[in-house]
Number of protein chains: 2
Amino acid sequence: MAAAEFWYEFASTYSYPAAMRAASLAKARAVELAWRPFLLGPIFAANGWRDSPFNIYPPKGRYMWRDMERICSALGLPLRRPQPFPQNSLLAARVALALDGEERADFSRQVYALEFGEGFPIADRAAIAILLAKLGLDPEGVFARAEDDANKALLKAETARAAELGIIGAPSLVTEDGEVFWGNDRLEQGLDWAAGKQA
Amino acid sequence: MAAAEFWYEFASTYSYPAAMRAASLAKARAVELAWRPFLLGPIFAANGWRDSPFNIYPPKGRYMWRDMERICSALGLPLRRPQPFPQNSLLAARVALALDGEERADFSRQVYALEFGEGFPIADRAAIAILLAKLGLDPEGVFARAEDDANKALLKAETARAAELGIIGAPSLVTEDGEVFWGNDRLEQGLDWAAGKQA
């Protein structure tokens, strides 16, 4: 079965519609999708950016929010801007990485729905605990795994791996032959490539 | 008839495949396309960028060139990198603006084919003169119009207009209701919007 990696960052706006679409788009092409949460912060810091480029460059931010409105409207997804933007995504990324398979994917979609669908802060432990409980998981047990040293080190390693792969933003679809497709709007193209259609 | 504006910059890589596709995509949707050359330099300078972001941020540049290879390959377009990159596009933009209608579109496609299809410098007067002659135009006459004060001022005004519209990069498709769609990969979406399909 063909495979691809879906690299995403919880603070990233365009990762929201991508996360909501990724599973069904992959299934339709018989591509097995690995969900790879990572942090954009260290990659942006290498560019000298200490904040989201959407904040550093206001016209870019205005464009992005309008673009997100159009995209979410077309997909029937609600959109509310979380305050502040971007949200601190460290806890959510650690928790996602401590989960496996479908649990990771389900949790990730729930985080995006809360953050960009409802505009709710996600940096907060209580908010993440509610999501975990809704998924039938024990929040304290998951937090303990998410915040142990091995999992913290794994998230750092994943972020370093993203940079090595040439990832410059989120979401990114990475194929087995190392092609990177950046953006929600490149998800289909990347999955077609992964499926061997080389679109 | 529905209408849209195609804003492009001759130094912009992604404007090359977009320029080659724009006319047929617009025709298929019965959208009348206005070709609007402008300069990204002043817009980038407002971000503090004195060079292409693809040069300032090398991973972004590596991603873009690989992405361009895939895009051009899928479209059957040749791709060669001009040296230096980006090319100085001032003369080409002034000349394009001094031409009208189909002549402007034809000239613009020829510039992109020379620059990114053959990797040939376009800042050079002699190169532009050859293109003009190939189009059956009198190079000296066109240069005189292109470099008169009114045309120079018009290019400045067009570039200011681009910034006012919220354009942050090239190519951008702008609809009559003021929506901006940035990127070669958004051309279809923008033209669908212009045609009233609101895709």
# chains A, B, ... in the order shown; residues from 1 in each chain; ligands from 1
>>> interface_residues(of="chain A", to="chain B", cutoff="10 Å", atoms="only C-alpha atoms", output="PyMOL selection string")
chain A and resi 43+46-48+56-64+66-67+70-71+73-75+163-169+179-182+185-186+198-199
>>> residues_around(residues="B:Met20", least_positions_apart="2", cutoff="9 Å", atoms="only C-alpha atoms", output="list in words")
Ser15, Tyr16, Pro17, Ala18, Ala22, Ala23, Ser24, Leu77, Arg109, Tyr112 and Ala113 of chain B
>>> residues_around(residues="stretch 83-99 of chain B", least_positions_apart="2", cutoff="8 Å", atoms="only C-alpha atoms", output="PDB file with N, CA and C atoms, in the first residue's frame")
ATOM      1  N   GLU B   9       4.426  39.459 -12.140  1.00  0.00           N
ATOM      2  CA  GLU B   9       5.739  40.125 -12.022  1.00  0.00           C
ATOM      3  C   GLU B   9       6.710  39.278 -12.829  1.00  0.00           C
ATOM      4  N   PHE B  10       7.479  39.910 -13.697  1.00  0.00           N
ATOM      5  CA  PHE B  10       8.337  39.124 -14.591  1.00  0.00           C
ATOM      6  C   PHE B  10       9.456  38.386 -13.861  1.00  0.00           C
ATOM      7  N   ALA B  11       9.833  38.838 -12.681  1.00  0.00           N
ATOM      8  CA  ALA B  11      10.885  38.127 -11.947  1.00  0.00           C
ATOM      9  C   ALA B  11      10.346  36.910 -11.202  1.00  0.00           C
ATOM     10  N   SER B  12       9.032  36.772 -11.139  1.00  0.00           N
ATOM     11  CA  SER B  12       8.397  35.741 -10.308  1.00  0.00           C
ATOM     12  C   SER B  12       8.314  34.395 -11.016  1.00  0.00           C
ATOM     13  N   ARG B  36      -2.160  42.547 -15.836  1.00  0.00           N
ATOM     14  CA  ARG B  36      -1.672  43.695 -15.077  1.00  0.00           C
ATOM     15  C   ARG B  36      -0.254  43.449 -14.563  1.00  0.00           C
ATOM     16  N   PRO B  37       0.750  43.835 -15.344  1.00  0.00           N
ATOM     17  CA  PRO B  37       2.137  43.684 -14.849  1.00  0.00           C
ATOM     18  C   PRO B  37       2.402  44.675 -13.725  1.00  0.00           C
ATOM     19  N   PHE B  38       3.165  44.254 -12.741  1.00  0.00           N
ATOM     20  CA  PHE B  38       3.544  45.165 -11.651  1.00  0.00           C
ATOM     21  C   PHE B  38       4.892  44.718 -11.104  1.00  0.00           C
ATOM     22  N   LEU B  39       5.399  45.472 -10.131  1.00  0.00           N
ATOM     23  CA  LEU B  39       6.698  45.161  -9.530  1.00  0.00           C
ATOM     24  C   LEU B  39       6.501  44.722  -8.084  1.00  0.00           C
ATOM     25  N   SER B  52      14.852  38.516  -3.223  1.00  0.00           N
ATOM     26  CA  SER B  52      13.742  37.563  -3.245  1.00  0.00           C
ATOM     27  C   SER B  52      13.737  36.767  -1.943  1.00  0.00           C
ATOM     28  N   ARG B  81      16.830  27.787 -14.839  1.00  0.00           N
ATOM     29  CA  ARG B  81      16.953  28.917 -13.919  1.00  0.00           C
ATOM     30  C   ARG B  81      17.778  30.033 -14.544  1.00  0.00           C
ATOM     31  N   GLY B 101      -3.776  44.853 -24.696  1.00  0.00           N
ATOM     32  CA  GLY B 101      -4.567  43.676 -25.069  1.00  0.00           C
ATOM     33  C   GLY B 101      -3.729  42.452 -25.373  1.00  0.00           C
ATOM     34  N   GLU B 103      -1.391  41.981 -27.504  1.00  0.00           N
ATOM     35  CA  GLU B 103       0.060  42.221 -27.627  1.00  0.00           C
ATOM     36  C   GLU B 103       0.740  42.130 -26.264  1.00  0.00           C
ATOM     37  N   ARG B 104       0.093  42.683 -25.254  1.00  0.00           N
ATOM     38  CA  ARG B 104       0.667  42.624 -23.906  1.00  0.00           C
ATOM     39  C   ARG B 104       0.742  41.161 -23.423  1.00  0.00           C
ATOM     40  N   PHE B 107       3.459  39.284 -25.530  1.00  0.00           N
ATOM     41  CA  PHE B 107       4.790  39.699 -25.103  1.00  0.00           C
ATOM     42  C   PHE B 107       5.125  39.086 -23.744  1.00  0.00           C
ATOM     43  N   SER B 108       4.183  39.118 -22.829  1.00  0.00           N
ATOM     44  CA  SER B 108       4.440  38.623 -21.469  1.00  0.00           C
ATOM     45  C   SER B 108       4.766  37.132 -21.488  1.00  0.00           C
ATOM     46  N   VAL B 111       8.271  36.681 -22.752  1.00  0.00           N
ATOM     47  CA  VAL B 111       9.298  37.007 -21.751  1.00  0.00           C
ATOM     48  C   VAL B 111       9.495  35.825 -20.804  1.00  0.00           C
ATOM     49  N   GLY B 119      16.066  30.107 -19.594  1.00  0.00           N
ATOM     50  CA  GLY B 119      17.040  30.579 -18.609  1.00  0.00           C
ATOM     51  C   GLY B 119      17.844  31.781 -19.081  1.00  0.00           C
ATOM     52  N   PHE B 120      17.242  32.542 -19.982  1.00  0.00           N
ATOM     53  CA  PHE B 120      17.931  33.654 -20.609  1.00  0.00           C
ATOM     54  C   PHE B 120      17.692  34.949 -19.830  1.00  0.00           C
ATOM     55  N   PRO B 121      18.712  35.820 -19.687  1.00  0.00           N
ATOM     56  CA  PRO B 121      18.488  37.092 -18.974  1.00  0.00           C
ATOM     57  C   PRO B 121      17.468  37.965 -19.716  1.00  0.00           C
ATOM     58  N   ILE B 122      16.620  38.633 -18.956  1.00  0.00           N
ATOM     59  CA  ILE B 122      15.605  39.500 -19.574  1.00  0.00           C
ATOM     60  C   ILE B 122      15.803  40.972 -19.248  1.00  0.00           C
ATOM     61  N   ALA B 123      16.822  41.263 -18.422  1.00  0.00           N
ATOM     62  CA  ALA B 123      17.043  42.667 -18.069  1.00  0.00           C
ATOM     63  C   ALA B 123      17.645  43.424 -19.249  1.00  0.00           C
ATOM     64  N   ARG B 125      18.339  44.959 -22.804  1.00  0.00           N
ATOM     65  CA  ARG B 125      17.583  45.627 -23.867  1.00  0.00           C
ATOM     66  C   ARG B 125      17.550  44.822 -25.163  1.00  0.00           C
ATOM     67  N   ILE B 128      14.994  41.922 -25.059  1.00  0.00           N
ATOM     68  CA  ILE B 128      13.607  42.406 -25.179  1.00  0.00           C
ATOM     69  C   ILE B 128      13.328  42.879 -26.605  1.00  0.00           C
ATOM     70  N   VAL B 142       8.572  51.014 -29.368  1.00  0.00           N
ATOM     71  CA  VAL B 142       7.991  50.517 -28.113  1.00  0.00           C
ATOM     72  C   VAL B 142       8.827  50.989 -26.922  1.00  0.00           C
ATOM     73  N   PHE B 143      10.162  50.924 -27.055  1.00  0.00           N
ATOM     74  CA  PHE B 143      11.022  51.390 -25.955  1.00  0.00           C
ATOM     75  C   PHE B 143      10.745  52.869 -25.642  1.00  0.00           C
ATOM     76  N   ARG B 145       7.981  54.530 -26.008  1.00  0.00           N
ATOM     77  CA  ARG B 145       6.734  54.638 -25.239  1.00  0.00           C
ATOM     78  C   ARG B 145       6.913  54.079 -23.823  1.00  0.00           C
ATOM     79  N   ALA B 146       7.638  52.943 -23.731  1.00  0.00           N
ATOM     80  CA  ALA B 146       7.802  52.266 -22.437  1.00  0.00           C
ATOM     81  C   ALA B 146       8.546  53.146 -21.435  1.00  0.00           C
ATOM     82  N   GLU B 147       9.477  53.947 -21.968  1.00  0.00           N
ATOM     83  CA  GLU B 147      10.335  54.705 -21.059  1.00  0.00           C
ATOM     84  C   GLU B 147       9.986  56.183 -20.993  1.00  0.00           C
ATOM     85  N   ASN B 151       4.517  56.522 -18.800  1.00  0.00           N
ATOM     86  CA  ASN B 151       4.476  55.064 -18.625  1.00  0.00           C
ATOM     87  C   ASN B 151       5.216  54.628 -17.364  1.00  0.00           C
ATOM     88  N   LYS B 152       6.343  55.318 -17.081  1.00  0.00           N
ATOM     89  CA  LYS B 152       7.062  55.021 -15.835  1.00  0.00           C
ATOM     90  C   LYS B 152       6.159  55.290 -14.629  1.00  0.00           C
ATOM     91  N   LEU B 155       3.499  52.580 -14.198  1.00  0.00           N
ATOM     92  CA  LEU B 155       3.964  51.343 -13.551  1.00  0.00           C
ATOM     93  C   LEU B 155       4.044  51.527 -12.029  1.00  0.00           C
TER      94      LEU B 155
END
>>> residues_around(residues="A:Ala194", least_positions_apart="4", cutoff="8 Å", atoms="only C-alpha atoms", output="short mmCIF file (atom, residue, chain, number, x, y, z; two decimals) with all heavy atoms, in the first residue's frame")
data_model
loop_
_atom_site.label_atom_id
_atom_site.label_comp_id
_atom_site.auth_asym_id
_atom_site.auth_seq_id
_atom_site.Cartn_x
_atom_site.Cartn_y
_atom_site.Cartn_z
N ALA A 2 0.52 2.19 -0.82
CA ALA A 2 1.26 3.44 -0.85
C ALA A 2 1.13 4.15 0.50
O ALA A 2 0.16 3.96 1.21
CB ALA A 2 0.72 4.34 -1.96
N ALA A 3 2.12 4.95 0.82
CA ALA A 3 2.13 5.64 2.12
C ALA A 3 2.59 7.08 1.94
O ALA A 3 3.28 7.42 0.98
CB ALA A 3 3.04 4.91 3.10
N ALA A 4 2.19 7.92 2.89
CA ALA A 4 2.65 9.31 2.90
C ALA A 4 2.59 9.81 4.34
O ALA A 4 1.89 9.24 5.18
CB ALA A 4 1.79 10.18 1.99
N VAL A 31 -3.95 5.51 0.07
CA VAL A 31 -2.65 5.90 0.63
C VAL A 31 -2.74 5.82 2.15
O VAL A 31 -3.67 6.38 2.75
CB VAL A 31 -2.26 7.34 0.20
CG1 VAL A 31 -1.01 7.81 0.94
CG2 VAL A 31 -2.04 7.40 -1.32
N THR A 175 6.11 12.40 0.67
CA THR A 175 5.94 11.08 0.06
C THR A 175 7.14 10.18 0.38
O THR A 175 8.17 10.65 0.87
CB THR A 175 5.78 11.21 -1.47
OG1 THR A 175 6.99 11.77 -2.00
CG2 THR A 175 4.60 12.11 -1.82
N GLU A 176 6.98 8.89 0.08
CA GLU A 176 8.05 7.93 0.39
C GLU A 176 9.33 8.24 -0.38
O GLU A 176 10.43 7.93 0.09
CB GLU A 176 7.58 6.51 0.07
CG GLU A 176 6.53 6.01 1.06
CD GLU A 176 6.03 4.61 0.71
OE1 GLU A 176 5.40 4.46 -0.36
OE2 GLU A 176 6.27 3.69 1.50
N GLY A 190 -0.05 16.03 -3.55
CA GLY A 190 0.90 15.19 -2.84
C GLY A 190 0.41 13.76 -2.70
O GLY A 190 1.18 12.80 -2.86
N GLN A 198 1.70 10.62 -9.83
CA GLN A 198 2.64 11.69 -10.18
C GLN A 198 1.95 12.91 -10.75
O GLN A 198 2.40 13.48 -11.74
CB GLN A 198 3.67 11.17 -11.20
CG GLN A 198 4.32 9.87 -10.80
CD GLN A 198 5.58 10.07 -9.97
OE1 GLN A 198 6.33 10.99 -10.21
NE2 GLN A 198 5.81 9.24 -8.98
#
>>> select_by_dssp(residues="stretch 34-129 of chain B", states="strand (DSSP E)", output="list in words")
Ala34, Trp35, Arg36 and Pro37 of chain B
>>> write_last_selection(atoms="all heavy atoms", output="short mmCIF file (atom, residue, chain, number, x, y, z; two decimals), in the first residue's frame")
data_model
loop_
_atom_site.label_atom_id
_atom_site.label_comp_id
_atom_site.auth_asym_id
_atom_site.auth_seq_id
_atom_site.Cartn_x
_atom_site.Cartn_y
_atom_site.Cartn_z
N ALA B 34 -7.80 40.73 -17.68
CA ALA B 34 -6.94 41.90 -17.88
C ALA B 34 -5.55 41.56 -17.34
O ALA B 34 -5.42 41.15 -16.19
CB ALA B 34 -7.52 43.09 -17.13
N TRP B 35 -4.55 41.74 -18.16
CA TRP B 35 -3.16 41.45 -17.76
C TRP B 35 -2.57 42.69 -17.11
O TRP B 35 -2.48 43.74 -17.75
CB TRP B 35 -2.35 41.03 -18.99
CG TRP B 35 -2.72 39.65 -19.50
CD1 TRP B 35 -3.92 39.25 -19.98
CD2 TRP B 35 -1.85 38.49 -19.55
NE1 TRP B 35 -3.87 37.91 -20.32
CE2 TRP B 35 -2.63 37.43 -20.08
CE3 TRP B 35 -0.52 38.26 -19.20
CZ2 TRP B 35 -2.09 36.14 -20.26
CZ3 TRP B 35 0.01 36.99 -19.40
CH2 TRP B 35 -0.77 35.95 -19.92
N ARG B 36 -2.16 42.55 -15.84
CA ARG B 36 -1.67 43.69 -15.08
C ARG B 36 -0.25 43.45 -14.56
O ARG B 36 -0.06 42.94 -13.45
CB ARG B 36 -2.60 43.96 -13.88
CG ARG B 36 -4.10 44.07 -14.20
CD ARG B 36 -4.51 45.44 -14.70
NE ARG B 36 -4.31 46.54 -13.80
CZ ARG B 36 -5.29 47.19 -13.16
NH1 ARG B 36 -6.56 46.80 -13.27
NH2 ARG B 36 -5.02 48.22 -12.40
N PRO B 37 0.75 43.83 -15.34
CA PRO B 37 2.14 43.68 -14.85
C PRO B 37 2.40 44.68 -13.73
O PRO B 37 1.89 45.79 -13.74
CB PRO B 37 2.98 44.02 -16.08
CG PRO B 37 2.11 44.87 -16.93
CD PRO B 37 0.69 44.44 -16.68
#
>>> atom_distance(atom1="atom CA of B:Gln110", atom2="atom CA of B:Tyr14")
15.1 Å
>>> atom_distance(atom1="atom CA of B:Ala26", atom2="atom CA of B:Pro171")
14.5 Å
>>> decode(residues="stretch 81-102 of chain B", atoms="N, CA, C and O atoms", output="PDB file, in the first residue's frame")
ATOM      1  N   ARG B  81      16.830  27.787 -14.839  1.00  0.00           N
ATOM      2  CA  ARG B  81      16.953  28.917 -13.919  1.00  0.00           C
ATOM      3  C   ARG B  81      17.778  30.033 -14.544  1.00  0.00           C
ATOM      4  O   ARG B  81      18.912  29.807 -14.935  1.00  0.00           O
ATOM      5  N   PRO B  82      17.230  31.230 -14.612  1.00  0.00           N
ATOM      6  CA  PRO B  82      18.028  32.346 -15.120  1.00  0.00           C
ATOM      7  C   PRO B  82      19.089  32.731 -14.102  1.00  0.00           C
ATOM      8  O   PRO B  82      18.902  32.577 -12.893  1.00  0.00           O
ATOM      9  N   GLN B  83      20.194  33.204 -14.581  1.00  0.00           N
ATOM     10  CA  GLN B  83      21.257  33.718 -13.711  1.00  0.00           C
ATOM     11  C   GLN B  83      21.462  35.182 -14.011  1.00  0.00           C
ATOM     12  O   GLN B  83      21.617  35.531 -15.169  1.00  0.00           O
ATOM     13  N   PRO B  84      21.473  36.069 -13.009  1.00  0.00           N
ATOM     14  CA  PRO B  84      21.158  35.767 -11.610  1.00  0.00           C
ATOM     15  C   PRO B  84      19.663  35.600 -11.420  1.00  0.00           C
ATOM     16  O   PRO B  84      18.881  35.964 -12.310  1.00  0.00           O
ATOM     17  N   PHE B  85      19.281  35.079 -10.276  1.00  0.00           N
ATOM     18  CA  PHE B  85      17.883  35.044  -9.899  1.00  0.00           C
ATOM     19  C   PHE B  85      17.716  35.881  -8.645  1.00  0.00           C
ATOM     20  O   PHE B  85      18.481  35.691  -7.715  1.00  0.00           O
ATOM     21  N   PRO B  86      16.718  36.757  -8.541  1.00  0.00           N
ATOM     22  CA  PRO B  86      15.774  37.089  -9.606  1.00  0.00           C
ATOM     23  C   PRO B  86      16.375  38.022 -10.652  1.00  0.00           C
ATOM     24  O   PRO B  86      17.324  38.748 -10.383  1.00  0.00           O
ATOM     25  N   GLN B  87      15.790  37.987 -11.836  1.00  0.00           N
ATOM     26  CA  GLN B  87      16.161  38.915 -12.893  1.00  0.00           C
ATOM     27  C   GLN B  87      15.567  40.302 -12.603  1.00  0.00           C
ATOM     28  O   GLN B  87      14.498  40.414 -11.996  1.00  0.00           O
ATOM     29  N   ASN B  88      16.279  41.320 -13.051  1.00  0.00           N
ATOM     30  CA  ASN B  88      15.723  42.679 -12.989  1.00  0.00           C
ATOM     31  C   ASN B  88      14.599  42.767 -14.025  1.00  0.00           C
ATOM     32  O   ASN B  88      14.837  42.589 -15.222  1.00  0.00           O
ATOM     33  N   SER B  89      13.403  43.040 -13.553  1.00  0.00           N
ATOM     34  CA  SER B  89      12.223  42.958 -14.420  1.00  0.00           C
ATOM     35  C   SER B  89      11.668  44.320 -14.833  1.00  0.00           C
ATOM     36  O   SER B  89      10.614  44.398 -15.454  1.00  0.00           O
ATOM     37  N   LEU B  90      12.403  45.371 -14.484  1.00  0.00           N
ATOM     38  CA  LEU B  90      11.865  46.722 -14.700  1.00  0.00           C
ATOM     39  C   LEU B  90      11.568  47.014 -16.170  1.00  0.00           C
ATOM     40  O   LEU B  90      10.471  47.480 -16.510  1.00  0.00           O
ATOM     41  N   LEU B  91      12.533  46.735 -17.041  1.00  0.00           N
ATOM     42  CA  LEU B  91      12.337  47.053 -18.461  1.00  0.00           C
ATOM     43  C   LEU B  91      11.179  46.230 -19.036  1.00  0.00           C
ATOM     44  O   LEU B  91      10.304  46.768 -19.736  1.00  0.00           O
ATOM     45  N   ALA B  92      11.150  44.942 -18.732  1.00  0.00           N
ATOM     46  CA  ALA B  92      10.080  44.084 -19.262  1.00  0.00           C
ATOM     47  C   ALA B  92       8.711  44.572 -18.784  1.00  0.00           C
ATOM     48  O   ALA B  92       7.743  44.584 -19.550  1.00  0.00           O
ATOM     49  N   ALA B  93       8.639  44.993 -17.520  1.00  0.00           N
ATOM     50  CA  ALA B  93       7.348  45.464 -16.980  1.00  0.00           C
ATOM     51  C   ALA B  93       6.920  46.762 -17.667  1.00  0.00           C
ATOM     52  O   ALA B  93       5.748  46.946 -18.008  1.00  0.00           O
ATOM     53  N   ARG B  94       7.877  47.658 -17.881  1.00  0.00           N
ATOM     54  CA  ARG B  94       7.531  48.917 -18.571  1.00  0.00           C
ATOM     55  C   ARG B  94       7.059  48.651 -20.000  1.00  0.00           C
ATOM     56  O   ARG B  94       6.104  49.267 -20.477  1.00  0.00           O
ATOM     57  N   VAL B  95       7.760  47.729 -20.666  1.00  0.00           N
ATOM     58  CA  VAL B  95       7.376  47.416 -22.052  1.00  0.00           C
ATOM     59  C   VAL B  95       5.987  46.775 -22.077  1.00  0.00           C
ATOM     60  O   VAL B  95       5.134  47.144 -22.893  1.00  0.00           O
ATOM     61  N   ALA B  96       5.750  45.818 -21.184  1.00  0.00           N
ATOM     62  CA  ALA B  96       4.437  45.154 -21.166  1.00  0.00           C
ATOM     63  C   ALA B  96       3.323  46.174 -20.963  1.00  0.00           C
ATOM     64  O   ALA B  96       2.275  46.110 -21.611  1.00  0.00           O
ATOM     65  N   LEU B  97       3.581  47.126 -20.075  1.00  0.00           N
ATOM     66  CA  LEU B  97       2.565  48.128 -19.766  1.00  0.00           C
ATOM     67  C   LEU B  97       2.327  49.077 -20.937  1.00  0.00           C
ATOM     68  O   LEU B  97       1.234  49.635 -21.080  1.00  0.00           O
ATOM     69  N   ALA B  98       3.347  49.227 -21.780  1.00  0.00           N
ATOM     70  CA  ALA B  98       3.208  50.108 -22.943  1.00  0.00           C
ATOM     71  C   ALA B  98       2.459  49.426 -24.087  1.00  0.00           C
ATOM     72  O   ALA B  98       2.097  50.078 -25.067  1.00  0.00           O
ATOM     73  N   LEU B  99       2.248  48.130 -23.949  1.00  0.00           N
ATOM     74  CA  LEU B  99       1.491  47.385 -24.967  1.00  0.00           C
ATOM     75  C   LEU B  99       0.061  47.176 -24.480  1.00  0.00           C
ATOM     76  O   LEU B  99      -0.218  47.294 -23.294  1.00  0.00           O
ATOM     77  N   ASP B 100      -0.830  46.833 -25.399  1.00  0.00           N
ATOM     78  CA  ASP B 100      -2.234  46.643 -25.009  1.00  0.00           C
ATOM     79  C   ASP B 100      -2.745  45.256 -25.380  1.00  0.00           C
ATOM     80  O   ASP B 100      -2.203  44.607 -26.276  1.00  0.00           O
ATOM     81  N   GLY B 101      -3.776  44.853 -24.696  1.00  0.00           N
ATOM     82  CA  GLY B 101      -4.567  43.676 -25.069  1.00  0.00           C
ATOM     83  C   GLY B 101      -3.729  42.452 -25.373  1.00  0.00           C
ATOM     84  O   GLY B 101      -2.888  42.041 -24.566  1.00  0.00           O
ATOM     85  N   GLU B 102      -3.979  41.866 -26.547  1.00  0.00           N
ATOM     86  CA  GLU B 102      -3.307  40.622 -26.913  1.00  0.00           C
ATOM     87  C   GLU B 102      -1.797  40.794 -27.055  1.00  0.00           C
ATOM     88  O   GLU B 102      -1.036  39.876 -26.794  1.00  0.00           O
TER      89      GLU B 102
END
